[in-house]
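Structure data (compact mmCIF, C-alpha atoms and all ligand atoms) from query27.txt:
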# COMPACT_ATOMS: atom_id res chain seq x y z
CA MET A 1 44.71 46.12 7.94
CA ILE A 2 43.56 43.42 5.50
CA ILE A 3 41.06 45.51 3.51
CA GLU A 4 40.73 49.25 3.34
CA ALA A 5 38.12 50.87 1.11
CA VAL A 6 38.25 54.66 0.91
CA ASN A 7 35.38 56.44 -0.83
CA LEU A 8 35.03 53.74 -3.46
CA SER A 9 32.52 54.71 -6.16
CA LYS A 10 31.45 52.99 -9.37
CA LYS A 11 29.39 54.30 -12.25
CA TYR A 12 27.97 52.08 -14.99
CA GLN A 13 26.75 54.05 -18.01
CA ASN A 14 26.54 57.18 -15.89
CA LYS A 15 24.49 55.40 -13.23
CA LEU A 16 26.15 55.61 -9.83
CA VAL A 17 25.81 52.10 -8.35
CA VAL A 18 28.41 52.44 -5.55
CA ASP A 19 28.66 55.83 -3.88
CA SER A 20 31.70 56.66 -1.77
CA VAL A 21 31.86 53.43 0.24
CA SER A 22 34.48 53.29 3.01
CA PHE A 23 35.21 50.56 5.55
CA SER A 24 38.12 48.54 6.85
CA VAL A 25 38.66 44.91 7.79
CA GLU A 26 41.29 43.67 10.24
CA LYS A 27 43.15 40.37 10.11
CA GLY A 28 41.21 37.36 11.38
CA GLN A 29 37.79 39.00 11.24
CA VAL A 30 34.74 37.45 9.67
CA TYR A 31 33.26 40.53 8.04
CA GLY A 32 29.62 40.48 6.93
CA PHE A 33 28.73 42.63 3.94
CA LEU A 34 24.99 43.08 3.61
CA GLY A 35 22.44 44.91 1.54
CA PRO A 36 19.27 44.33 -0.46
CA ASN A 37 19.34 43.12 -4.09
CA GLY A 38 21.06 45.61 -6.33
CA ALA A 39 22.62 47.53 -3.40
CA GLY A 40 26.09 47.26 -4.95
CA LYS A 41 27.65 44.49 -2.86
CA SER A 42 29.03 42.38 -5.72
CA THR A 43 30.31 45.52 -7.43
CA CYS A 44 32.21 46.43 -4.24
CA ILE A 45 33.65 42.91 -4.00
CA LYS A 46 34.71 43.05 -7.66
CA MET A 47 36.46 46.38 -7.07
CA LEU A 48 38.26 44.95 -4.03
CA MET A 49 39.25 41.88 -6.06
CA GLY A 50 40.55 44.07 -8.88
CA LEU A 51 37.97 42.65 -11.32
CA VAL A 52 36.43 46.05 -12.06
CA PHE A 53 38.02 49.47 -11.76
CA PRO A 54 36.55 52.01 -9.35
CA THR A 55 35.32 55.21 -11.00
CA SER A 56 36.78 57.06 -8.03
CA GLY A 57 38.16 56.34 -4.59
CA LYS A 58 40.88 53.94 -3.64
CA GLY A 59 41.61 50.95 -1.51
CA GLN A 60 44.09 48.39 -0.35
CA VAL A 61 43.86 44.64 0.01
CA LEU A 62 46.54 42.76 1.98
CA GLY A 63 48.55 45.97 2.05
CA LYS A 64 48.61 46.39 -1.75
CA PRO A 65 46.61 48.68 -4.04
CA LEU A 66 43.46 47.18 -5.56
CA GLY A 67 44.20 44.78 -8.42
CA ASP A 68 47.78 44.07 -7.33
CA VAL A 69 48.70 40.62 -8.66
CA SER A 70 50.86 39.56 -5.69
CA ALA A 71 47.93 40.25 -3.33
CA ARG A 72 45.55 38.36 -5.60
CA MET A 73 47.70 35.24 -5.25
CA LYS A 74 46.70 35.16 -1.57
CA LEU A 75 42.99 35.71 -2.15
CA GLY A 76 40.32 33.06 -2.38
CA TYR A 77 37.09 33.98 -4.16
CA LEU A 78 33.83 32.13 -4.41
CA PRO A 79 31.72 34.13 -6.89
CA GLU A 80 27.98 34.52 -6.50
CA LEU A 81 27.13 33.10 -9.94
CA PHE A 82 29.42 30.11 -10.05
CA ARG A 83 29.48 28.05 -13.25
CA TYR A 84 32.25 25.58 -13.61
CA GLN A 85 33.41 23.60 -16.63
CA GLU A 86 30.92 20.72 -16.63
CA TRP A 87 33.14 18.42 -18.68
CA MET A 88 35.95 18.50 -16.11
CA THR A 89 36.13 16.16 -13.16
CA GLY A 90 36.36 17.71 -9.71
CA GLU A 91 40.07 16.87 -9.69
CA ASP A 92 40.61 18.50 -13.14
CA LEU A 93 38.87 21.62 -11.91
CA LEU A 94 41.07 21.82 -8.82
CA ASP A 95 44.18 21.33 -10.98
CA PHE A 96 42.97 24.04 -13.37
CA HIS A 97 42.35 26.49 -10.53
CA SER A 98 45.71 25.58 -9.00
CA SER A 99 47.34 26.56 -12.31
CA LEU A 100 45.50 29.92 -12.17
CA PHE A 101 47.20 30.46 -8.81
CA ARG A 102 50.47 29.36 -10.45
CA LEU A 103 50.54 26.27 -8.24
CA LYS A 104 51.55 22.82 -9.47
CA PRO A 105 48.82 20.14 -9.30
CA ASP A 106 49.06 18.49 -5.92
CA ARG A 107 46.91 15.47 -4.94
CA GLN A 108 47.49 16.09 -1.24
CA ARG A 109 46.46 19.73 -1.46
CA ASN A 110 43.39 18.71 -3.46
CA ALA A 111 42.49 16.05 -0.90
CA GLY A 112 42.81 18.64 1.88
CA VAL A 113 40.35 21.11 0.34
CA LEU A 114 38.00 18.31 -0.78
CA ARG A 115 37.90 16.91 2.74
CA ARG A 116 37.22 20.36 4.13
CA VAL A 117 34.18 20.92 1.89
CA GLY A 118 32.89 17.34 2.25
CA LEU A 119 33.62 16.19 -1.31
CA LEU A 120 36.50 13.78 -0.77
CA GLY A 121 35.80 10.72 -2.93
CA GLN A 122 33.70 12.68 -5.45
CA GLU A 123 36.67 14.18 -7.33
CA LYS A 124 36.73 11.53 -10.07
CA TYR A 125 33.23 12.46 -11.23
CA LYS A 126 32.44 15.17 -13.77
CA VAL A 127 31.36 18.54 -12.38
CA GLY A 128 28.35 18.34 -14.73
CA SER A 129 27.08 15.35 -12.74
CA TYR A 130 27.33 17.24 -9.41
CA SER A 131 24.23 18.62 -7.69
CA LYS A 132 24.06 22.42 -7.34
CA GLY A 133 25.14 22.11 -3.73
CA MET A 134 28.15 19.98 -4.73
CA GLN A 135 29.07 22.55 -7.39
CA GLN A 136 29.02 25.28 -4.75
CA ARG A 137 31.19 23.10 -2.51
CA ILE A 138 33.74 22.47 -5.28
CA GLY A 139 33.77 26.26 -5.86
CA LEU A 140 34.63 26.74 -2.21
CA ALA A 141 37.34 24.08 -2.54
CA CYS A 142 38.83 26.02 -5.50
CA ALA A 143 38.78 29.22 -3.42
CA LEU A 144 40.66 27.45 -0.62
CA LEU A 145 43.44 26.09 -2.88
CA PRO A 146 45.99 28.89 -2.29
CA ASN A 147 45.49 28.62 1.48
CA PRO A 148 44.20 32.20 1.24
CA GLU A 149 44.93 34.95 3.74
CA LEU A 150 41.67 36.55 2.69
CA LEU A 151 38.62 34.69 1.47
CA PHE A 152 35.78 36.46 -0.37
CA LEU A 153 32.56 34.49 -0.20
CA ASP A 154 29.74 35.90 -2.32
CA GLU A 155 26.54 34.09 -1.25
CA PRO A 156 28.45 30.89 -0.34
CA THR A 157 25.41 28.87 0.75
CA SER A 158 22.78 29.89 -1.82
CA ALA A 159 22.62 26.33 -3.25
CA LEU A 160 23.04 24.44 0.01
CA ASP A 161 20.50 22.71 2.22
CA PRO A 162 20.36 23.56 5.96
CA ILE A 163 22.95 20.87 6.80
CA GLY A 164 25.30 22.18 4.09
CA ARG A 165 24.82 25.73 5.40
CA LYS A 166 25.78 24.68 8.90
CA GLU A 167 28.86 22.90 7.52
CA VAL A 168 29.93 26.05 5.66
CA ARG A 169 29.40 28.09 8.85
CA ASN A 170 31.75 25.69 10.65
CA ILE A 171 34.29 25.90 7.82
CA ILE A 172 34.24 29.71 8.12
CA LEU A 173 34.75 29.56 11.89
CA ASP A 174 37.57 27.00 11.52
CA LEU A 175 39.28 29.19 8.92
CA GLN A 176 39.00 32.15 11.27
CA LYS A 177 40.66 30.13 14.04
CA GLU A 178 43.51 29.44 11.61
CA GLY A 179 43.92 33.21 11.05
CA THR A 180 42.12 33.55 7.71
CA THR A 181 40.09 36.72 7.19
CA VAL A 182 36.69 36.05 5.66
CA PHE A 183 34.64 38.64 3.79
CA LEU A 184 31.13 37.28 3.62
CA ASN A 185 28.31 38.55 1.47
CA SER A 186 25.05 36.78 2.21
CA HIS A 187 21.33 37.44 2.32
CA LEU A 188 20.97 34.84 5.05
CA LEU A 189 21.05 37.16 8.01
CA SER A 190 20.93 34.44 10.68
CA GLU A 191 24.01 32.93 9.04
CA VAL A 192 25.83 36.27 9.00
CA GLU A 193 24.81 36.91 12.61
CA ALA A 194 26.15 33.50 13.65
CA VAL A 195 29.66 33.97 12.23
CA SER A 196 30.45 37.67 11.74
CA ASP A 197 32.33 39.98 14.09
CA TYR A 198 31.80 43.16 12.08
CA ILE A 199 29.30 44.14 9.43
CA THR A 200 28.67 46.84 6.89
CA ILE A 201 25.20 47.29 5.43
CA ILE A 202 24.89 49.14 2.15
CA ASN A 203 21.73 50.38 0.50
CA LYS A 204 21.47 52.00 -2.93
CA GLY A 205 25.26 52.10 -3.16
CA SER A 206 25.91 53.83 0.20
CA VAL A 207 26.92 52.59 3.63
CA VAL A 208 23.98 52.83 6.03
CA ARG A 209 25.38 50.91 9.05
CA SER A 210 28.86 49.73 9.94
CA GLY A 211 30.51 48.41 13.07
CA ALA A 212 30.93 45.56 15.50
CA ILE A 213 27.82 43.42 15.21
CA HIS A 214 27.54 43.11 19.00
CA ASP A 215 27.58 46.92 19.48
CA LEU A 216 25.09 47.50 16.66
CA LEU A 217 22.65 44.95 18.06
CA MET A 218 23.00 46.23 21.64
CA LYS A 219 22.30 49.83 20.64
CA GLN A 220 18.60 49.22 20.23
CA ILE A 221 16.29 47.47 22.66
CA ASN A 222 12.74 46.45 21.99
CA LEU A 223 10.82 46.37 25.25
CA LYS A 224 7.82 44.09 25.12
CA VAL A 225 5.15 45.11 27.63
CA THR A 226 1.89 43.30 28.25
CA CYS A 227 -0.61 45.13 30.43
CA SER A 228 -4.29 45.96 30.83
CA PRO A 229 -5.76 48.27 28.12
CA ILE A 230 -4.19 51.74 27.91
CA ALA A 231 -6.40 54.76 27.28
CA GLU A 232 -5.50 56.95 24.28
CA GLU A 233 -4.44 59.91 26.42
CA LEU A 234 -2.15 57.78 28.56
CA PHE A 235 -0.64 56.26 25.41
CA SER A 236 0.42 59.68 24.08
CA ASN A 237 1.71 60.61 27.57
CA LEU A 238 3.86 57.52 27.53
CA LYS A 239 5.33 58.42 24.17
CA GLN A 240 6.21 61.93 25.32
CA HIS A 241 7.38 60.98 28.77
CA PHE A 242 9.84 58.32 27.62
CA ASP A 243 10.67 59.80 24.23
CA ALA A 244 10.30 56.30 22.76
CA GLU A 245 9.02 54.85 19.53
CA LEU A 246 5.86 53.05 20.46
CA LYS A 247 3.57 50.78 18.49
CA PRO A 248 -0.17 50.84 19.35
CA GLN A 249 -1.24 48.30 21.94
CA GLY A 250 -2.28 44.97 20.40
CA PRO A 251 -5.57 43.19 21.23
CA ASP A 252 -3.61 40.84 23.52
CA GLY A 253 -2.42 43.84 25.57
CA THR A 254 1.15 43.92 24.16
CA LEU A 255 2.97 47.07 23.16
CA TYR A 256 6.55 47.57 22.09
CA PHE A 257 8.89 50.39 23.05
CA ARG A 258 12.07 50.98 21.06
CA LEU A 259 14.69 52.23 23.51
CA THR A 260 18.35 53.06 23.19
CA ASN A 261 19.25 51.55 26.59
CA THR A 262 17.71 49.60 29.45
CA ASP A 263 17.91 52.47 31.99
CA SER A 264 14.29 53.49 31.58
CA VAL A 265 12.83 49.96 31.82
CA HIS A 266 12.11 50.12 35.57
CA GLU A 267 10.73 53.67 35.20
CA ILE A 268 8.30 52.45 32.54
CA ALA A 269 7.20 49.66 34.88
CA SER A 270 6.66 52.06 37.82
CA PHE A 271 4.87 54.57 35.60
CA LEU A 272 2.42 52.00 34.24
CA ILE A 273 1.65 50.66 37.73
CA SER A 274 1.26 54.22 39.10
CA GLN A 275 -1.39 54.78 36.42
CA GLY A 276 -3.42 51.89 37.85
CA LEU A 277 -2.60 49.46 35.03
CA GLU A 278 -2.02 45.78 35.61
CA LEU A 279 1.38 44.75 34.32
CA TYR A 280 1.64 41.14 33.12
CA GLU A 281 4.96 41.09 31.25
CA LEU A 282 7.99 43.31 30.74
CA THR A 283 10.70 41.81 28.53
CA PRO A 284 13.66 43.72 27.05
CA GLN A 285 14.68 42.10 23.75
CA HIS A 286 17.85 43.03 21.94
CA GLU A 287 17.57 43.71 18.26
CA THR A 288 18.13 40.86 15.80
CA LEU A 289 20.24 41.36 12.72
CA GLU A 290 17.07 41.03 10.67
CA SER A 291 15.33 43.95 12.41
CA LEU A 292 18.53 46.02 12.31
CA PHE A 293 18.82 45.32 8.59
CA LEU A 294 15.17 46.13 7.85
CA ASN A 295 15.40 49.38 9.81
CA ALA A 296 18.65 50.32 8.08
CA VAL A 297 17.45 49.77 4.54
CA GLY A 298 13.74 50.46 5.02
CA GLU A 299 11.43 47.57 4.25
CA GLY A 300 10.59 47.15 0.59
CA SER A 301 13.44 49.33 -0.63
CA ALA A 302 15.04 46.52 -2.66
CA THR A 303 15.50 47.32 -6.34
N1 LIG B 401 28.36 45.27 -15.57
C1 LIG B 401 27.34 46.06 -15.25
N2 LIG B 401 26.84 46.95 -16.12
C2 LIG B 401 25.82 47.77 -15.79
N3 LIG B 401 25.21 47.76 -14.58
C3 LIG B 401 25.65 46.89 -13.67
C4 LIG B 401 26.73 45.98 -13.95
N4 LIG B 401 26.96 45.24 -12.83
C5 LIG B 401 26.07 45.65 -11.91
N5 LIG B 401 25.29 46.63 -12.42
C6 LIG B 401 24.23 47.33 -11.69
O1 LIG B 401 24.77 47.81 -10.48
C7 LIG B 401 23.82 47.72 -9.43
C8 LIG B 401 24.45 46.97 -8.27
O2 LIG B 401 24.64 45.61 -8.67
P1 LIG B 401 25.36 44.54 -7.74
O3 LIG B 401 25.39 43.24 -8.51
O4 LIG B 401 26.65 45.10 -7.28
O5 LIG B 401 24.34 44.44 -6.54
P2 LIG B 401 24.27 43.38 -5.36
O6 LIG B 401 24.11 44.18 -4.10
O7 LIG B 401 25.42 42.45 -5.42
O8 LIG B 401 22.90 42.65 -5.71
P3 LIG B 401 22.42 41.13 -5.47
O9 LIG B 401 22.23 40.99 -3.99
O10 LIG B 401 21.11 41.08 -6.20
O11 LIG B 401 23.46 40.23 -6.03
C9 LIG B 401 22.58 47.06 -10.00
O12 LIG B 401 21.65 48.08 -10.34
C10 LIG B 401 23.09 46.38 -11.27
O13 LIG B 401 22.10 46.34 -12.27
Spell out the structure here as structure tokens.
Ligand SMILES: Nc1ncnc2c1ncn2[C@@H]1O[C@H](COP(=O)(O)OP(=O)(O)OP(=O)(O)O)[C@@H](O)[C@H]1O
Amino acid sequence: MIIEAVNLSKKYQNKLVVDSVSFSVEKGQVYGFLGPNGAGKSTCIKMLMGLVFPTSGKGQVLGKPLGDVSARMKLGYLPELFRYQEWMTGEDLLDFHSSLFRLKPDRQRNAGVLRRVGLLGQEKYKVGSYSKGMQQRIGLACALLPNPELLFLDEPTSALDPIGRKEVRNIILDLQKEGTTVFLNSHLLSEVEAVSDYITIINKGSVVRSGAIHDLLMKQINLKVTCSPIAEELFSNLKQHFDAELKPQGPDGTLYFRLTNTDSVHEIASFLISQGLELYELTPQHETLESLFLNAVGEGSAT
């Protein structure tokens, strides 16, 4: 087990901002950690990194208790609010971060991480002259210096354009192939969906969904049906008969069933036809991470 969080809680000035959060991450996973603004994600990451102490609960990272220095030497961390020393060149910054990992400056190592993040050749320039996207890339390069077993990425693509985002996605997938475990906190759900194997969603400090992303998305099916107009009485019969969440039929004849499996799809089709309706379309759609997320946290619940 690479990360184990057991009932982690954190209070700031008597305000409970993380409430008994538990989850575990296995080696080689890309683990998505999601939640609306203020949900407590960064606080959880900081507790796992040993940067803040939990008020209660415990955890392990790389087999060591939270905050253990030997485990921290094998962690890479790209913080959400990165601000690097503007007067240093890219190379100076890498050397400085190497020294924080108790590593000697090494041009070859630097070249390796610079190449990986697409900054090779830019290391002689001052960080202050870098664009925001380049600063985020050099931050990622710093996080990669110790060849980490576990990489924490807190909003790694917030400053990047779509091409940069795709590049970071590929970096994450390459690292995974090399056996690195990646803990990814991002608001970009399509990005998380594209790279993560497992996710945990937290809301208001508590876990609201957790599991293999594939299983979570397969649990819920939205069935899109387009048919001739349905009378009110038949609509309520449908709801009762199939015990499904059902949105009112739209003016274009569409209605959506939320089902927990596809077993009842053909029954719905037969039922509608038996009621004399004309059926134009019947399409089961698996949930997207965005709809799963919005259902889990309730739209508009961000603080
Ligand atoms: N040092 C602190 N002192 C007091 N309150 C804090 C501190 N750090 C975080 N908080 C509060 O804890 C709550 C959770 O914050 P946190 O930064 O962990 O959320 P988050 O999920 O990472 O949010 P975002 O997505 O906006 O970055 C917020 O209400 C925040 O104001």
Enumerate, in order of chain and increasing residue number, the residues of range 47-95 of chain A with an atom no farther than 7 Å from range 108-131 of chain A, each with its shortest atom pair and distance in Å to one decimal, counting only C-alpha atoms, as a Markdown table.
| residue | atom | partner | partner_atom | distance |
| --- | --- | --- | --- | --- |
| A:Gln85 | CA | A:Val127 | CA | 6.9 |
| A:Glu86 | CA | A:Gly128 | CA | 4.0 |
| A:Trp87 | CA | A:Lys126 | CA | 5.9 |
| A:Met88 | CA | A:Lys126 | CA | 5.4 |
| A:Thr89 | CA | A:Lys126 | CA | 3.9 |
| A:Gly90 | CA | A:Glu123 | CA | 4.3 |
| A:Glu91 | CA | A:Glu123 | CA | 4.9 |
| A:Leu94 | CA | A:Asn110 | CA | 6.6 |
Residue nearest Gln60 in chain A among A:Phe101, A:Asp95, A:Asn7, A:Gln29 (counting all atoms listed in the file):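 For Gln60 in chain A, the nearest of the candidates is A:Asn7.
Put simply, atom N4 of ligand LIG 401 (chain B) is 26.7 Å away from CA of Leu289 in chain A.
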- prompt: Hey, which of A:Gln136, A:Asn261, A:Ser186, A:Thr157 ends up closest to ligand LIG 401 (chain B)? Count all atoms listed in the file.
  reply: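 Looking at the shortest contact to ligand LIG 401 (chain B), the residue is A:Ser186.
Distances here use only C-alpha atoms; by that measure, the residue among A:Ser158, A:Gln275, A:Thr260, A:Asn147 closest to His187 in chain A is A:Ser158.
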Return as a short mmCIF file (atom, residue, chain, number, x, y, z; two decimals) with C-alpha atoms, in the frame of the given file the residues of protein, DNA or RNA that approach ligand LIG 401 (chain B) to within 6 Å, with all atoms listed in the file taken into account.
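After the write, out.cif holds the following:
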data_model
loop_
_atom_site.label_atom_id
_atom_site.label_comp_id
_atom_site.auth_asym_id
_atom_site.auth_seq_id
_atom_site.Cartn_x
_atom_site.Cartn_y
_atom_site.Cartn_z
CA TYR A 12 27.97 52.08 -14.99
CA VAL A 17 25.81 52.10 -8.35
CA GLY A 35 22.44 44.91 1.54
CA PRO A 36 19.27 44.33 -0.46
CA ASN A 37 19.34 43.12 -4.09
CA GLY A 38 21.06 45.61 -6.33
CA ALA A 39 22.62 47.53 -3.40
CA GLY A 40 26.09 47.26 -4.95
CA LYS A 41 27.65 44.49 -2.86
CA SER A 42 29.03 42.38 -5.72
CA THR A 43 30.31 45.52 -7.43
#
task: Go through A:Val225, A:Leu272, A:Leu78, A:Val182 one by one, measure the shortest atom-to-atom distance of each to Asn237 in chain A using all atoms listed in the file, and give the residue with the smallest value.
output: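 That would be A:Leu272, the residue with the smallest distance to Asn237 in chain A.
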message: List the spatial neighbours of Leu100 in chain A as a PyMOL selection string - criterion: any atom at most 12 Å away, all atoms listed in the file, same-chain residues fewer than 3 positions off excluded.
response: chain A and resi 69+72-76+93-97+103-105+142-143+145-146
- request: Would you work out the distance separating CA of Tyr280 in chain A from CA of Ser228 in chain A, expressed in Å to one decimal?
  value: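 Distance between the two atoms: 8.0 Å.
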Using the partial input, fill out range 232-255 of chain A with N, CA and C atoms; write the result as a PDB file, in the coordinates of the input.
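Saved to selection22.pdb:
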ATOM      1  N   GLU A 232      -6.223  56.209  25.331  1.00  0.00           N
ATOM      2  CA  GLU A 232      -5.500  56.950  24.280  1.00  0.00           C
ATOM      3  C   GLU A 232      -4.608  58.067  24.845  1.00  0.00           C
ATOM      4  N   GLU A 233      -5.174  58.774  25.847  1.00  0.00           N
ATOM      5  CA  GLU A 233      -4.440  59.910  26.420  1.00  0.00           C
ATOM      6  C   GLU A 233      -3.156  59.439  27.127  1.00  0.00           C
ATOM      7  N   LEU A 234      -3.310  58.331  27.853  1.00  0.00           N
ATOM      8  CA  LEU A 234      -2.150  57.780  28.560  1.00  0.00           C
ATOM      9  C   LEU A 234      -1.090  57.297  27.569  1.00  0.00           C
ATOM     10  N   PHE A 235      -1.551  56.752  26.449  1.00  0.00           N
ATOM     11  CA  PHE A 235      -0.640  56.260  25.410  1.00  0.00           C
ATOM     12  C   PHE A 235       0.235  57.410  24.887  1.00  0.00           C
ATOM     13  N   SER A 236      -0.401  58.571  24.584  1.00  0.00           N
ATOM     14  CA  SER A 236       0.420  59.680  24.080  1.00  0.00           C
ATOM     15  C   SER A 236       1.317  60.243  25.184  1.00  0.00           C
ATOM     16  N   ASN A 237       0.836  60.187  26.448  1.00  0.00           N
ATOM     17  CA  ASN A 237       1.710  60.610  27.570  1.00  0.00           C
ATOM     18  C   ASN A 237       2.954  59.754  27.648  1.00  0.00           C
ATOM     19  N   LEU A 238       2.739  58.460  27.466  1.00  0.00           N
ATOM     20  CA  LEU A 238       3.860  57.520  27.530  1.00  0.00           C
ATOM     21  C   LEU A 238       4.917  57.859  26.496  1.00  0.00           C
ATOM     22  N   LYS A 239       4.428  58.107  25.294  1.00  0.00           N
ATOM     23  CA  LYS A 239       5.330  58.420  24.170  1.00  0.00           C
ATOM     24  C   LYS A 239       6.182  59.633  24.495  1.00  0.00           C
ATOM     25  N   GLN A 240       5.496  60.678  25.008  1.00  0.00           N
ATOM     26  CA  GLN A 240       6.210  61.930  25.320  1.00  0.00           C
ATOM     27  C   GLN A 240       7.160  61.745  26.485  1.00  0.00           C
ATOM     28  N   HIS A 241       6.634  61.114  27.531  1.00  0.00           N
ATOM     29  CA  HIS A 241       7.380  60.980  28.770  1.00  0.00           C
ATOM     30  C   HIS A 241       8.699  60.222  28.567  1.00  0.00           C
ATOM     31  N   PHE A 242       8.642  59.157  27.774  1.00  0.00           N
ATOM     32  CA  PHE A 242       9.840  58.320  27.620  1.00  0.00           C
ATOM     33  C   PHE A 242      10.550  58.545  26.291  1.00  0.00           C
ATOM     34  N   ASP A 243      10.049  59.471  25.507  1.00  0.00           N
ATOM     35  CA  ASP A 243      10.670  59.800  24.230  1.00  0.00           C
ATOM     36  C   ASP A 243      11.027  58.517  23.459  1.00  0.00           C
ATOM     37  N   ALA A 244      10.038  57.606  23.376  1.00  0.00           N
ATOM     38  CA  ALA A 244      10.300  56.300  22.760  1.00  0.00           C
ATOM     39  C   ALA A 244       9.395  56.105  21.549  1.00  0.00           C
ATOM     40  N   GLU A 245       9.914  55.292  20.609  1.00  0.00           N
ATOM     41  CA  GLU A 245       9.020  54.850  19.530  1.00  0.00           C
ATOM     42  C   GLU A 245       8.096  53.815  20.133  1.00  0.00           C
ATOM     43  N   LEU A 246       6.835  53.908  19.818  1.00  0.00           N
ATOM     44  CA  LEU A 246       5.860  53.050  20.460  1.00  0.00           C
ATOM     45  C   LEU A 246       4.831  52.604  19.452  1.00  0.00           C
ATOM     46  N   LYS A 247       4.616  51.278  19.394  1.00  0.00           N
ATOM     47  CA  LYS A 247       3.570  50.780  18.490  1.00  0.00           C
ATOM     48  C   LYS A 247       2.260  50.710  19.280  1.00  0.00           C
ATOM     49  N   PRO A 248       1.101  50.920  18.637  1.00  0.00           N
ATOM     50  CA  PRO A 248      -0.170  50.840  19.350  1.00  0.00           C
ATOM     51  C   PRO A 248      -0.332  49.493  20.048  1.00  0.00           C
ATOM     52  N   GLN A 249      -1.059  49.535  21.168  1.00  0.00           N
ATOM     53  CA  GLN A 249      -1.240  48.300  21.940  1.00  0.00           C
ATOM     54  C   GLN A 249      -2.047  47.277  21.140  1.00  0.00           C
ATOM     55  N   GLY A 250      -1.568  46.020  21.120  1.00  0.00           N
ATOM     56  CA  GLY A 250      -2.280  44.970  20.400  1.00  0.00           C
ATOM     57  C   GLY A 250      -3.484  44.477  21.189  1.00  0.00           C
ATOM     58  N   PRO A 251      -4.373  43.696  20.547  1.00  0.00           N
ATOM     59  CA  PRO A 251      -5.570  43.190  21.230  1.00  0.00           C
ATOM     60  C   PRO A 251      -5.228  42.287  22.430  1.00  0.00           C
ATOM     61  N   ASP A 252      -4.000  41.689  22.389  1.00  0.00           N
ATOM     62  CA  ASP A 252      -3.610  40.840  23.520  1.00  0.00           C
ATOM     63  C   ASP A 252      -2.924  41.649  24.630  1.00  0.00           C
ATOM     64  N   GLY A 253      -2.970  42.989  24.517  1.00  0.00           N
ATOM     65  CA  GLY A 253      -2.420  43.840  25.570  1.00  0.00           C
ATOM     66  C   GLY A 253      -0.939  44.141  25.424  1.00  0.00           C
ATOM     67  N   THR A 254      -0.306  43.684  24.303  1.00  0.00           N
ATOM     68  CA  THR A 254       1.150  43.920  24.160  1.00  0.00           C
ATOM     69  C   THR A 254       1.404  45.274  23.486  1.00  0.00           C
ATOM     70  N   LEU A 255       2.463  45.911  23.903  1.00  0.00           N
ATOM     71  CA  LEU A 255       2.970  47.070  23.160  1.00  0.00           C
ATOM     72  C   LEU A 255       4.485  47.036  23.216  1.00  0.00           C
TER      73      LEU A 255
END
